[in-house]
Amino acid sequence: MLRWFTRRLAKNDSPTATTSVPAEVEIPHDKIAARAAEIWDRKGRPHGQDEQNWAEAEAELQAEFAANSDREPLPRKSR
């Protein structure tokens, strides 16, 4: 699983390069990586589907960000 995270970083691709999300919304790399890992786990951890899982994770997050963009942002927790 780590292989595809490393491969994505090595390509130096912008995770939002091919997205339809407005430019002011950036999907953080770590969120995409975490969602891709969830998808991989949900599918039963099959080998050879890393690029597909990454694309699905990007698509899911883009849809979530787009759906939430018209709403007022939630207040942030103080740390």
# chains A, B, ... in the order shown; residues from 1 in each chain; ligands from 1
>>> residues_around(residues="stretch 27-44 of chain A", least_positions_apart="5", cutoff="6 Å", atoms="only C-alpha atoms", output="PyMOL selection string")
chain A and resi 53-54+57-58
>>> atom_distance(atom1="atom CA of A:Glu26", atom2="atom CA of A:Leu61")
10.3 Å
>>> select_by_dssp(residues="stretch 26-72 of chain A", states="helix (DSSP H, G or I)", output="VMD selection string")
chain A and resid 29 to 42 50 to 69
